[in-house]
Structures are given as structure tokens and as C-alpha cells.
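A.B. asks: Got a structure for you, data-v6.csv, holding CSV, C-alpha atoms and all ligand atoms.
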```
chain,number,residue,atom,x,y,z
A,1378,SER,CA,5.3,170.0,-12.9
A,1379,GLU,CA,8.5,171.2,-11.3
A,1380,TRP,CA,10.4,170.6,-14.5
A,1381,GLN,CA,8.8,173.7,-16.0
A,1382,TYR,CA,10.3,175.8,-13.3
A,1383,LEU,CA,13.7,174.2,-13.7
A,1384,ASP,CA,13.5,174.6,-17.5
A,1385,LEU,CA,12.6,178.3,-17.1
A,1386,MET,CA,15.6,178.8,-14.8
A,1387,ARG,CA,18.0,177.0,-17.2
A,1388,ARG,CA,16.7,179.0,-20.1
A,1389,ILE,CA,17.0,182.4,-18.4
A,1390,TRP,CA,20.5,181.6,-17.2
A,1391,ALA,CA,21.6,180.4,-20.6
A,1392,GLU,CA,19.8,182.9,-22.9
A,1393,GLY,CA,18.6,185.8,-20.8
A,1394,SER,CA,19.7,189.2,-21.7
A,1395,GLU,CA,22.0,190.8,-19.1
A,1396,ARG,CA,20.7,194.1,-17.7
A,1397,VAL,CA,21.3,196.4,-14.8
A,1398,ASP,CA,18.2,196.6,-12.7
A,1399,ARG,CA,16.8,199.0,-10.0
A,1400,THR,CA,18.7,197.3,-7.2
A,1401,GLY,CA,22.1,197.6,-9.0
A,1402,VAL,CA,22.8,193.8,-8.6
A,1403,GLY,CA,22.3,192.9,-12.3
A,1404,THR,CA,20.2,190.2,-13.8
A,1405,ARG,CA,19.7,187.9,-16.8
A,1406,SER,CA,16.2,188.3,-17.9
A,1407,VAL,CA,13.6,187.1,-20.4
A,1408,PHE,CA,10.4,189.0,-21.1
A,1409,GLY,CA,7.2,187.0,-21.1
A,1410,ALA,CA,7.0,183.5,-19.6
A,1411,GLN,CA,4.3,181.0,-18.7
A,1412,LEU,CA,4.0,178.1,-16.2
A,1413,ARG,CA,0.9,175.9,-15.7
A,1414,PHE,CA,0.1,173.7,-12.7
A,1415,ASP,CA,-2.9,171.4,-12.2
A,1416,LEU,CA,-4.1,171.6,-8.5
A,1417,ALA,CA,-6.3,168.5,-8.7
A,1418,ASP,CA,-6.1,166.0,-5.8
A,1419,GLY,CA,-4.3,168.4,-3.4
A,1420,ALA,CA,-1.3,169.0,-5.7
A,1421,MET,CA,0.6,172.2,-5.1
A,1422,PRO,CA,3.4,174.0,-7.0
A,1423,LEU,CA,5.8,173.4,-4.0
A,1424,LEU,CA,9.3,173.0,-5.2
A,1425,THR,CA,11.2,169.9,-4.0
A,1426,THR,CA,14.6,170.8,-5.6
A,1427,LYS,CA,15.2,173.0,-2.6
A,1428,ARG,CA,13.3,173.4,0.7
A,1429,VAL,CA,10.7,176.2,0.3
A,1430,TYR,CA,9.4,177.6,3.6
A,1431,TRP,CA,5.8,177.3,2.8
A,1432,LYS,CA,4.6,178.2,6.3
A,1433,THR,CA,6.4,181.6,5.9
A,1434,ALA,CA,4.7,182.2,2.6
A,1435,THR,CA,1.4,181.1,4.1
A,1436,ARG,CA,1.8,183.5,7.0
A,1437,GLU,CA,2.5,186.3,4.5
A,1438,MET,CA,-0.7,185.4,2.6
A,1439,LEU,CA,-2.8,185.4,5.8
A,1440,TRP,CA,-1.3,188.8,6.6
A,1441,PHE,CA,-2.2,190.2,3.2
A,1442,LEU,CA,-5.8,189.0,3.8
A,1443,THR,CA,-5.9,191.0,7.1
A,1444,GLY,CA,-5.3,194.2,5.1
A,1445,ASP,CA,-2.3,195.1,7.2
A,1446,THR,CA,0.8,196.7,5.6
A,1447,ASN,CA,3.0,196.9,8.7
A,1448,ILE,CA,5.7,194.3,9.0
A,1449,ARG,CA,5.3,194.0,12.8
A,1450,PRO,CA,2.9,191.1,12.8
A,1451,LEU,CA,5.3,189.2,10.5
A,1452,VAL,CA,8.3,190.0,12.6
A,1453,LEU,CA,6.5,188.7,15.7
A,1454,GLN,CA,5.9,185.4,13.9
A,1455,GLY,CA,9.5,185.2,12.8
A,1456,VAL,CA,8.8,186.0,9.2
A,1457,LYS,CA,11.7,187.9,7.8
A,1458,ILE,CA,11.0,188.3,4.1
A,1459,TRP,CA,9.8,191.9,4.2
A,1460,ASN,CA,12.4,193.2,6.7
A,1461,GLU,CA,14.9,194.8,4.3
A,1462,TRP,CA,12.5,197.5,2.9
A,1463,PRO,CA,11.5,199.3,6.1
A,1464,HIS,CA,15.1,199.1,7.2
A,1465,ALA,CA,16.4,200.6,4.0
A,1466,ARG,CA,13.9,203.5,4.3
A,1467,TYR,CA,14.8,204.1,8.0
A,1468,VAL,CA,18.6,204.3,7.2
A,1469,ASN,CA,17.8,206.5,4.2
A,1470,GLU,CA,15.6,208.9,6.0
A,1471,THR,CA,17.3,209.2,9.4
A,1472,GLY,CA,20.9,208.7,8.3
A,1473,GLU,CA,21.3,206.4,11.3
A,1474,ASP,CA,23.6,203.4,10.5
A,1475,ILE,CA,21.6,200.7,12.3
A,1476,ALA,CA,22.1,197.0,11.6
A,1477,LEU,CA,19.2,195.1,10.1
A,1478,ASP,CA,18.8,192.8,13.1
A,1479,ASP,CA,18.9,195.7,15.6
A,1480,PHE,CA,16.3,197.6,13.6
A,1481,ILE,CA,14.0,194.5,13.5
A,1482,GLN,CA,14.4,194.0,17.2
A,1483,ARG,CA,13.2,197.6,17.8
A,1484,ILE,CA,10.2,196.9,15.5
A,1485,ALA,CA,9.4,193.8,17.7
A,1486,ASP,CA,9.9,195.6,21.1
A,1487,ASP,CA,8.5,199.1,20.4
A,1488,GLU,CA,5.0,199.4,19.1
A,1489,ALA,CA,5.2,203.1,18.5
A,1490,PHE,CA,8.5,202.7,16.6
A,1491,ALA,CA,6.9,200.0,14.5
A,1492,GLU,CA,4.0,202.2,13.7
A,1493,ARG,CA,6.3,204.9,12.5
A,1494,TRP,CA,8.8,202.8,10.7
A,1495,GLY,CA,7.4,199.4,10.0
A,1496,ASP,CA,4.9,200.3,7.4
A,1497,LEU,CA,5.3,199.5,3.7
A,1498,GLY,CA,2.7,202.0,2.5
A,1499,PRO,CA,-0.5,200.9,0.7
A,1500,VAL,CA,0.9,197.6,-0.7
A,1501,TYR,CA,-1.0,194.3,-1.4
A,1502,GLY,CA,-3.1,193.9,1.7
A,1503,LYS,CA,-4.4,197.4,1.6
A,1504,GLN,CA,-5.4,197.3,-2.1
A,1505,TRP,CA,-6.8,193.8,-1.8
A,1506,VAL,CA,-9.3,194.4,1.0
A,1507,ASP,CA,-9.6,198.2,1.2
A,1508,TRP,CA,-9.0,199.8,-2.2
A,1509,PRO,CA,-9.6,203.5,-1.6
A,1510,THR,CA,-12.5,205.2,-3.4
A,1511,TYR,CA,-13.5,208.8,-3.7
A,1512,ARG,CA,-16.9,210.4,-4.0
A,1513,TYR,CA,-17.5,213.5,-6.0
A,1514,ARG,CA,-19.1,216.4,-4.1
A,1515,LYS,CA,-21.3,219.1,-5.5
A,1516,ASP,CA,-18.6,221.7,-4.6
A,1517,GLY,CA,-16.3,220.0,-7.0
A,1518,LEU,CA,-14.0,218.4,-4.4
A,1519,TYR,CA,-13.6,214.7,-3.7
A,1520,GLU,CA,-14.1,213.1,-0.4
A,1521,LYS,CA,-12.9,209.7,0.7
A,1522,SER,CA,-15.6,207.1,0.8
A,1523,GLU,CA,-15.7,203.5,1.8
A,1524,GLY,CA,-12.9,201.2,0.5
A,1525,ILE,CA,-13.5,198.2,-1.7
A,1526,ASN,CA,-12.8,194.7,-0.5
A,1527,GLN,CA,-11.8,193.0,-3.7
A,1528,ILE,CA,-11.3,189.6,-2.1
A,1529,ALA,CA,-14.8,189.5,-0.6
A,1530,GLU,CA,-16.2,190.8,-3.9
A,1531,VAL,CA,-14.6,188.0,-5.9
A,1532,VAL,CA,-15.8,185.3,-3.4
A,1533,GLU,CA,-19.3,186.8,-3.9
A,1534,SER,CA,-19.1,187.0,-7.6
A,1535,LEU,CA,-17.8,183.4,-7.9
A,1536,LYS,CA,-20.8,182.3,-6.0
A,1537,THR,CA,-23.4,184.4,-7.7
A,1538,ASN,CA,-22.0,184.7,-11.2
A,1539,PRO,CA,-19.4,182.0,-11.8
A,1540,GLY,CA,-19.3,182.5,-15.5
A,1541,SER,CA,-18.1,186.1,-15.2
A,1542,ARG,CA,-14.9,187.1,-16.9
A,1543,ARG,CA,-14.4,189.8,-14.3
A,1544,HIS,CA,-13.2,187.9,-11.2
A,1545,ILE,CA,-10.2,190.1,-10.7
A,1546,ILE,CA,-8.0,191.1,-7.8
A,1547,GLU,CA,-5.7,194.0,-8.7
A,1548,GLY,CA,-2.8,195.4,-6.7
A,1549,TRP,CA,-1.6,198.0,-9.2
A,1550,ASN,CA,-3.3,201.2,-7.8
A,1551,VAL,CA,-1.7,203.7,-10.1
A,1552,ALA,CA,-2.5,206.7,-7.9
A,1553,GLU,CA,-0.8,205.2,-4.9
A,1554,LEU,CA,2.4,203.6,-6.4
A,1555,ASP,CA,4.6,206.3,-5.2
A,1556,ARG,CA,3.6,205.7,-1.5
A,1557,MET,CA,4.5,202.0,-1.7
A,1558,ALA,CA,7.8,200.6,-0.4
A,1559,LEU,CA,7.7,198.4,-3.6
A,1560,PRO,CA,5.0,198.5,-6.3
A,1561,PRO,CA,3.3,195.1,-6.5
A,1562,CYS,CA,5.1,192.3,-8.4
A,1563,HIS,CA,2.3,189.7,-8.4
A,1564,LYS,CA,-0.1,192.4,-9.4
A,1565,THR,CA,-3.2,190.8,-11.0
A,1566,TYR,CA,-5.1,187.6,-10.1
A,1567,GLN,CA,-8.0,186.5,-12.3
A,1568,PHE,CA,-10.2,183.6,-11.4
A,1569,HIS,CA,-12.2,181.5,-13.8
A,1570,VAL,CA,-14.8,178.7,-13.5
A,1571,ALA,CA,-15.0,176.0,-16.1
A,1572,LYS,CA,-16.2,172.4,-16.2
A,1573,ASP,CA,-13.7,169.5,-16.3
A,1574,ASP,CA,-14.3,166.5,-18.5
A,1575,GLN,CA,-16.4,164.9,-15.8
A,1576,GLY,CA,-18.6,167.9,-15.6
A,1577,ARG,CA,-17.4,169.3,-12.3
A,1578,ASP,CA,-16.9,173.0,-11.9
A,1579,ARG,CA,-13.3,173.9,-11.4
A,1580,LEU,CA,-11.8,177.1,-10.2
A,1581,ASN,CA,-8.8,178.2,-12.3
A,1582,CYS,CA,-6.5,181.1,-11.5
A,1583,LEU,CA,-4.2,183.2,-13.6
A,1584,LEU,CA,-1.6,185.3,-12.0
A,1585,TYR,CA,0.2,188.0,-13.9
A,1586,GLN,CA,3.4,189.0,-12.4
A,1587,ARG,CA,5.2,192.1,-13.9
A,1588,SER,CA,8.6,191.4,-12.4
A,1589,CYS,CA,9.8,188.0,-11.1
A,1590,ASP,CA,12.9,187.1,-9.0
A,1591,VAL,CA,12.9,183.4,-10.2
A,1592,ALA,CA,15.4,182.0,-7.7
A,1593,LEU,CA,14.1,183.5,-4.4
A,1594,GLY,CA,10.6,185.0,-5.1
A,1595,LEU,CA,9.0,182.7,-7.6
A,1596,PRO,CA,8.9,179.6,-5.3
A,1597,PHE,CA,7.0,181.7,-2.8
A,1598,ASN,CA,4.8,183.4,-5.4
A,1599,LEU,CA,3.7,180.1,-6.9
A,1600,TRP,CA,2.9,178.6,-3.5
A,1601,SER,CA,1.0,181.7,-2.4
A,1602,ALA,CA,-1.1,181.9,-5.6
A,1603,ALA,CA,-2.1,178.3,-5.4
A,1604,LEU,CA,-2.9,178.7,-1.7
A,1605,LEU,CA,-5.2,181.7,-2.4
A,1606,GLN,CA,-6.8,179.6,-5.2
A,1607,ARG,CA,-7.3,176.7,-2.8
A,1608,MET,CA,-8.9,178.9,-0.1
A,1609,MET,CA,-11.1,180.6,-2.8
A,1610,ALA,CA,-12.2,177.2,-4.1
A,1611,GLN,CA,-13.0,175.9,-0.6
A,1612,GLN,CA,-15.1,179.0,0.2
A,1613,THR,CA,-17.0,178.8,-3.1
A,1614,ASP,CA,-17.5,175.0,-3.2
A,1615,LEU,CA,-15.5,174.6,-6.4
A,1616,GLU,CA,-12.8,172.0,-7.3
A,1617,PRO,CA,-9.3,173.5,-7.5
A,1618,GLY,CA,-8.4,173.8,-11.1
A,1619,GLU,CA,-5.4,175.0,-13.0
A,1620,LEU,CA,-3.0,177.7,-11.9
A,1621,VAL,CA,-1.6,179.7,-14.8
A,1622,TRP,CA,1.4,181.9,-14.0
A,1623,MET,CA,2.5,184.6,-16.4
A,1624,GLY,CA,5.7,186.6,-15.9
A,1625,GLY,CA,6.7,190.0,-17.5
A,1626,ASP,CA,10.4,190.7,-16.7
A,1627,THR,CA,11.4,187.2,-15.5
A,1628,HIS,CA,14.9,187.3,-14.2
A,1629,LEU,CA,17.7,185.7,-12.3
A,1630,TYR,CA,20.0,187.9,-10.2
A,1631,LEU,CA,23.7,187.5,-11.0
A,1632,ASN,CA,24.6,186.9,-7.4
A,1633,HIS,CA,22.3,183.8,-7.3
A,1634,GLU,CA,24.7,181.8,-9.5
A,1635,HIS,CA,25.6,179.3,-6.7
A,1636,LEU,CA,21.9,178.6,-6.1
A,1637,ILE,CA,21.1,178.2,-9.8
A,1638,THR,CA,24.0,175.8,-10.4
A,1639,GLU,CA,23.2,173.7,-7.4
A,1640,GLN,CA,19.4,173.6,-8.0
A,1641,LEU,CA,19.8,172.7,-11.7
A,1642,ASN,CA,21.9,169.7,-10.7
A,1643,ARG,CA,19.0,168.3,-8.6
A,1644,GLU,CA,15.9,166.3,-9.6
A,1645,PRO,CA,12.4,166.7,-8.2
A,1646,GLN,CA,11.4,164.2,-5.6
A,1647,GLY,CA,7.9,163.2,-4.8
A,1648,HIS,CA,4.6,165.0,-5.1
A,1649,PRO,CA,3.7,167.1,-2.1
A,1650,THR,CA,0.0,167.9,-1.4
A,1651,LEU,CA,-1.8,170.4,0.7
A,1652,GLU,CA,-4.7,169.5,3.0
A,1653,ILE,CA,-6.9,172.2,4.4
A,1654,VAL,CA,-8.1,170.6,7.6
A,1655,ARG,CA,-10.9,173.0,8.5
A,1656,ARG,CA,-13.4,175.0,6.6
A,1657,PRO,CA,-13.6,178.5,8.1
A,1658,ASP,CA,-16.7,180.6,7.8
A,1659,SER,CA,-15.0,183.1,5.6
A,1660,ILE,CA,-11.9,183.6,3.5
A,1661,PHE,CA,-10.7,186.0,6.2
A,1662,ASP,CA,-10.8,183.4,9.0
A,1663,TYR,CA,-8.0,181.0,8.0
A,1664,ARG,CA,-5.2,180.3,10.5
A,1665,ILE,CA,-1.8,178.7,10.0
A,1666,GLU,CA,-2.9,175.5,11.7
A,1667,ASP,CA,-5.5,174.9,9.0
A,1668,PHE,CA,-2.8,174.0,6.5
A,1669,VAL,CA,-1.1,170.6,6.5
A,1670,VAL,CA,1.4,169.6,3.8
A,1671,HIS,CA,1.9,165.9,3.1
A,1672,ASN,CA,4.7,164.1,1.3
A,1673,TYR,CA,7.2,167.0,1.4
A,1674,GLU,CA,10.7,165.6,1.4
A,1675,PRO,CA,12.7,168.2,-0.4
A,1676,HIS,CA,16.4,168.7,-1.1
A,1677,PRO,CA,18.1,170.9,1.4
A,1678,PRO,CA,17.5,174.7,1.4
A,1679,ILE,CA,19.9,176.9,-0.7
A,1680,LYS,CA,20.6,180.3,0.9
A,1681,ALA,CA,20.9,183.4,-1.3
A,1682,PRO,CA,20.8,187.2,-0.6
A,1683,VAL,CA,17.6,189.1,-1.6
A,1684,ALA,CA,18.1,192.2,-3.8
A,1685,VAL,CA,16.7,195.3,-2.1
B,1701,LIG,N1,12.4,191.6,-3.6
B,1701,LIG,C1,13.1,190.7,-4.4
B,1701,LIG,N2,14.3,191.1,-4.8
B,1701,LIG,N3,12.6,189.5,-4.8
B,1701,LIG,C2,11.4,189.1,-4.4
B,1701,LIG,O1,11.0,188.0,-4.8
B,1701,LIG,C3,10.6,190.0,-3.6
B,1701,LIG,N4,9.3,189.6,-3.2
B,1701,LIG,C4,8.8,190.2,-2.0
B,1701,LIG,C5,9.1,191.7,-2.1
B,1701,LIG,N5,10.4,192.0,-2.5
B,1701,LIG,C6,11.1,191.2,-3.3
B,1701,LIG,C7,9.5,189.6,-0.8
B,1701,LIG,N6,9.5,188.2,-0.9
B,1701,LIG,C8,12.6,185.8,0.3
B,1701,LIG,C9,11.5,185.2,-0.2
B,1701,LIG,C10,10.4,186.1,-0.6
B,1701,LIG,C11,10.6,187.4,-0.5
B,1701,LIG,C12,11.7,188.0,0.0
B,1701,LIG,C13,12.8,187.2,0.4
B,1701,LIG,C14,13.7,184.9,0.8
B,1701,LIG,O2,14.8,185.4,1.2
B,1701,LIG,N7,13.6,183.6,0.8
B,1701,LIG,C15,14.6,182.7,1.4
B,1701,LIG,C16,14.6,182.6,2.9
B,1701,LIG,C17,13.3,182.5,3.4
B,1701,LIG,C18,13.3,182.6,5.0
B,1701,LIG,O3,14.3,182.8,5.6
B,1701,LIG,O4,12.2,182.4,5.5
B,1701,LIG,C19,14.5,181.4,0.7
B,1701,LIG,O5,13.4,181.1,0.2
B,1701,LIG,O6,15.5,180.6,0.7
B,1701,LIG,C20,8.4,188.9,-4.0
B,1701,LIG,O7,7.3,188.5,-3.7
```
Could you express the structure from this file as C-alpha cells?
Ligand code: FFO
C.D. replies:
Amino acid sequence: SEWQYLDLMRRIWAEGSERVDRTGVGTRSVFGAQLRFDLADGAMPLLTTKRVYWKTATREMLWFLTGDTNIRPLVLQGVKIWNEWPHARYVNETGEDIALDDFIQRIADDEAFAERWGDLGPVYGKQWVDWPTYRYRKDGLYEKSEGINQIAEVVESLKTNPGSRRHIIEGWNVAELDRMALPPCHKTYQFHVAKDDQGRDRLNCLLYQRSCDVALGLPFNLWSAALLQRMMAQQTDLEPGELVWMGGDTHLYLNHEHLITEQLNREPQGHPTLEIVRRPDSIFDYRIEDFVVHNYEPHPPIKAPVAV
């Protein structure tokens, strides 16, 4: 339940080791953490101790599944969570001191500009549905061959070989890390089919996240993983099972103190559930209207800056 999240937050803030990170903001961090959530009966790891914008996280997940890595479709839907990185690259590479909002307005208004400056490189979506492959030629050179759709392959393997221990979606493409705006944080998803005590096949999911921003990112990451699991379960006619989340460097940014203090003073309220109101023909055909959340009456949002 949500108490696991709050306990993790409390423990990191009290006991985490302080370290300077890539962003220069500074964090308190523990290495190695685990959370478990049972998704039976529509339950979702949707925090109630602050409002989590689950539609934003859902739009991001649907965007991943299209294979797109340009932020423009997100911007046009009002999703802002990836805006900082193309902006930082633009300022860095052109030296032009443009405000974030003005930059994002240009991404929205100017398609050619967006094509040039809105792309994050081969991040999640690209690796998930079009992992690049190379074919060895007789003359000793490699040529590009067709990409691998890991999502489609896992749907297929869950249907044809549910007992497999290889239902894996991997974002960490070692050869392409240097072209990504950010290397993947939630990098490996493993799915697993096992019977519950009533003999029903349940679809479990384990997410390994190498680096985790517990205050801002994790609420999104938990929702998104459970959402992917629920879509996978619907497509493969399995019952949603357990979500196991594992964190590597699991941290709180020092400039999130106000959020942490406020949130740790609150208590979870109610048990939100997710209903998927339509069963699309494929995992790639979901739309935002297909998702309805019930019983979500959270505490108010708590704003905090994202570290870039
Ligand atoms: N960078 C950092 N520092 N932390 C992260 O968690 C992540 N992400 C990705 C990539 N970069 C990251 C971006 N995900 C918010 C939420 C998720 C993000 C980035 C930002 C955020 O600001 N959430 C606010 C407001 C949301 C809104 O306005 O819609 C909030 O939840 O209150 C990890 O996946």
C-alpha cells in the first residue's frame, strides 16, 4: 500500500547518504529498495497523499508505445514533463538565452523547429518498439536491418509461452546511450505469469529502475508501470497480478524538503481503482479515454522543481 512509499521517503530523508549528483542539486540516497503492490480488483499504486496527474503519466506511456521520441506530441497535449531537456540542449548548443516557455511555444508552433530541436534521441519509445539491429555482410561491414518491437514480442510470448522467464522489455541500449537526452531510469520490465491460490493465471511485473527521483518521478513511474501491466494483462487475457518495483540509486533531492515534510504529515485516503473501459485490438491502440479512475480523492498537489 501507499505506506510503503511514505516509509521509503521517510527512511531516505532520515538515513540516506548525502551526495552531489549529475544535476548539481544534491540528494540523500539509499542504494537498493523494493516496493510491492497487488493490482487485484482494479487497485493501482496511485498516491493519495498528494494529487498525482495520472492522465499526464498515461499520455506519456501512450506516447512511448507509439515509438516517438520527439516531445512535440506531448507539448500539443499540454504534457510538460519532458520540456526541460530539449530546452537545455537548445540553450547549450545555440547559446541563445531563450526562456523555457518561449522555447516550448516554438516547439508547438513550428513543426520544422520541433523536428530539429524537440527530439530526445533514441529514448524509451524507440528502444521499446524499434530496437535497432544490424546484419553482418559478407564484405565484413554491417548494415541496418529491421528493428525489434519488444512490446509486441512480449505480448506474443505471454500468449504462446506464458511460463517463459524471458518476458523482458529493455531500455538500456548500451551502444546508443550517448545519443539519448537522458539514459533510461526505468530501464527493465520483466513480466511473469503465475497462478494465484484460486488457480487463475496472474500477470506479474517487475520494474528495475537504476535511478529514482522519489518525490517527483516515482509517483509517475509506479502509475505507468502498473498501467503497462494492466494493458498487457488485458491484451493477453490474464488477471493483473503483483507489481514489484526495485530501485538502484533511490534518492530525494535536497530542494524537495518542503514537499517531503508536507507529504509525510498526511495520511493516505481511500483506494483508487482503474477501469479500462474498452478492449482495443492491440496494445498499440489504447487512447486516453479508455482509462477511468474511480475513488480518487487525494490531498492537494505539492509543487516542486524538477532537477535537470
Ligand atoms: N528527471 C528527474 N530529475 N526526475 C525524474 O523523475 C525524471 N523522469 C523523467 C525524465 N527526467 C527526470 C521525467 N518525468 C515531473 C514528473 C515526471 C517527470 C518529470 C517531471 C513533474 O514535474 N511532476 C510534477 C508536475 C506534473 C505536471 O505539471 O503535470 C508533479 O508531479 O507534481 C522520470 O521518469
A.B. asks: Between CA of Asp1507 (chain A) and CA of Asp1667 (chain A), what is the distance, to one decimal in Å?
C.D. replies: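 If I compute the distance from CA of Asp1507 (chain A) to CA of Asp1667 (chain A), I get 24.9 Å.
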A.B. asks: As an exercise, work out the distance from CA of Leu1423 (chain A) to CA of Gly1540 (chain A) in Å and give it to one decimal place.
C.D. replies: 29.1 Å
A.B. asks: Just checking: using only C-alpha atoms and all ligand atoms, which residue out of A:Ile1665, A:Ala1420, A:Val1402, A:Ile1525 ends up closest to ligand LIG 1701 (chain B)?
C.D. replies: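 Among A:Ile1665, A:Ala1420, A:Val1402, A:Ile1525, it is A:Val1402 that comes nearest to ligand LIG 1701 (chain B).
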A.B. asks: So that each row is one residue of chain A with an atom at most 10 Å from ligand LIG 1701 (chain B), can you give its shortest atom pair and the distance in Å to one decimal, using only C-alpha atoms and all ligand atoms, rows by chain and rising number, as a Markdown table?
C.D. replies:
```
| residue | atom | partner | partner_atom | distance |
| --- | --- | --- | --- | --- |
| A:Arg1399 | CA | B:LIG1701 | N2 | 9.8 |
| A:Thr1400 | CA | B:LIG1701 | N2 | 8.0 |
| A:Val1402 | CA | B:LIG1701 | N2 | 9.7 |
| A:Lys1427 | CA | B:LIG1701 | O6 | 8.3 |
| A:Arg1428 | CA | B:LIG1701 | O6 | 7.5 |
| A:Val1429 | CA | B:LIG1701 | O5 | 5.6 |
| A:Tyr1430 | CA | B:LIG1701 | O4 | 5.9 |
| A:Trp1431 | CA | B:LIG1701 | O4 | 8.6 |
| A:Lys1432 | CA | B:LIG1701 | O4 | 8.7 |
| A:Thr1433 | CA | B:LIG1701 | O4 | 5.9 |
| A:Ala1434 | CA | B:LIG1701 | C10 | 7.6 |
| A:Glu1437 | CA | B:LIG1701 | N6 | 9.0 |
| A:Gly1455 | CA | B:LIG1701 | O4 | 8.3 |
| A:Val1456 | CA | B:LIG1701 | O4 | 6.2 |
| A:Lys1457 | CA | B:LIG1701 | O4 | 6.0 |
| A:Ile1458 | CA | B:LIG1701 | C12 | 4.2 |
| A:Trp1459 | CA | B:LIG1701 | C7 | 5.5 |
| A:Asn1460 | CA | B:LIG1701 | C12 | 8.5 |
| A:Glu1461 | CA | B:LIG1701 | N5 | 8.6 |
| A:Trp1462 | CA | B:LIG1701 | N5 | 8.0 |
| A:Ala1558 | CA | B:LIG1701 | C5 | 9.2 |
| A:Leu1559 | CA | B:LIG1701 | C5 | 7.0 |
| A:Pro1560 | CA | B:LIG1701 | C5 | 9.0 |
| A:Pro1561 | CA | B:LIG1701 | C5 | 8.0 |
| A:Cys1562 | CA | B:LIG1701 | O7 | 6.4 |
| A:His1563 | CA | B:LIG1701 | O7 | 7.0 |
| A:Gln1586 | CA | B:LIG1701 | O7 | 9.5 |
| A:Ser1588 | CA | B:LIG1701 | O1 | 8.7 |
| A:Cys1589 | CA | B:LIG1701 | O1 | 6.4 |
| A:Asp1590 | CA | B:LIG1701 | O1 | 4.7 |
| A:Val1591 | CA | B:LIG1701 | O1 | 7.3 |
| A:Ala1592 | CA | B:LIG1701 | O1 | 8.0 |
| A:Leu1593 | CA | B:LIG1701 | C9 | 5.2 |
| A:Gly1594 | CA | B:LIG1701 | O1 | 3.0 |
| A:Leu1595 | CA | B:LIG1701 | O1 | 6.3 |
| A:Pro1596 | CA | B:LIG1701 | O5 | 7.3 |
| A:Phe1597 | CA | B:LIG1701 | C10 | 6.0 |
| A:Asn1598 | CA | B:LIG1701 | O7 | 5.9 |
| A:Leu1599 | CA | B:LIG1701 | O7 | 9.7 |
| A:Ser1601 | CA | B:LIG1701 | O7 | 9.4 |
| A:His1628 | CA | B:LIG1701 | N3 | 9.9 |
| A:Leu1629 | CA | B:LIG1701 | N3 | 9.8 |
| A:Tyr1630 | CA | B:LIG1701 | N2 | 8.5 |
| A:Leu1636 | CA | B:LIG1701 | O6 | 9.5 |
| A:Pro1678 | CA | B:LIG1701 | O6 | 6.3 |
| A:Ile1679 | CA | B:LIG1701 | O6 | 5.9 |
| A:Lys1680 | CA | B:LIG1701 | O6 | 5.1 |
| A:Ala1681 | CA | B:LIG1701 | O6 | 6.4 |
| A:Pro1682 | CA | B:LIG1701 | O2 | 6.5 |
| A:Val1683 | CA | B:LIG1701 | N2 | 5.0 |
| A:Ala1684 | CA | B:LIG1701 | N2 | 4.1 |
| A:Val1685 | CA | B:LIG1701 | N2 | 5.5 |
```
A.B. asks: May I ask which of the residues A:Phe1568, A:Phe1668, A:Trp1494, A:Phe1661 is the closest one to Val1621 (chain A), counting all atoms listed in the file?
C.D. replies: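 Counting all atoms listed in the file, the residue closest to Val1621 (chain A) is A:Phe1568.
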A.B. asks: Can you measure CA of Leu1412 (chain A) to CA of Leu1631 (chain A) for me? One decimal in Å is fine.
C.D. replies: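 Distance between the two atoms: 22.4 Å.
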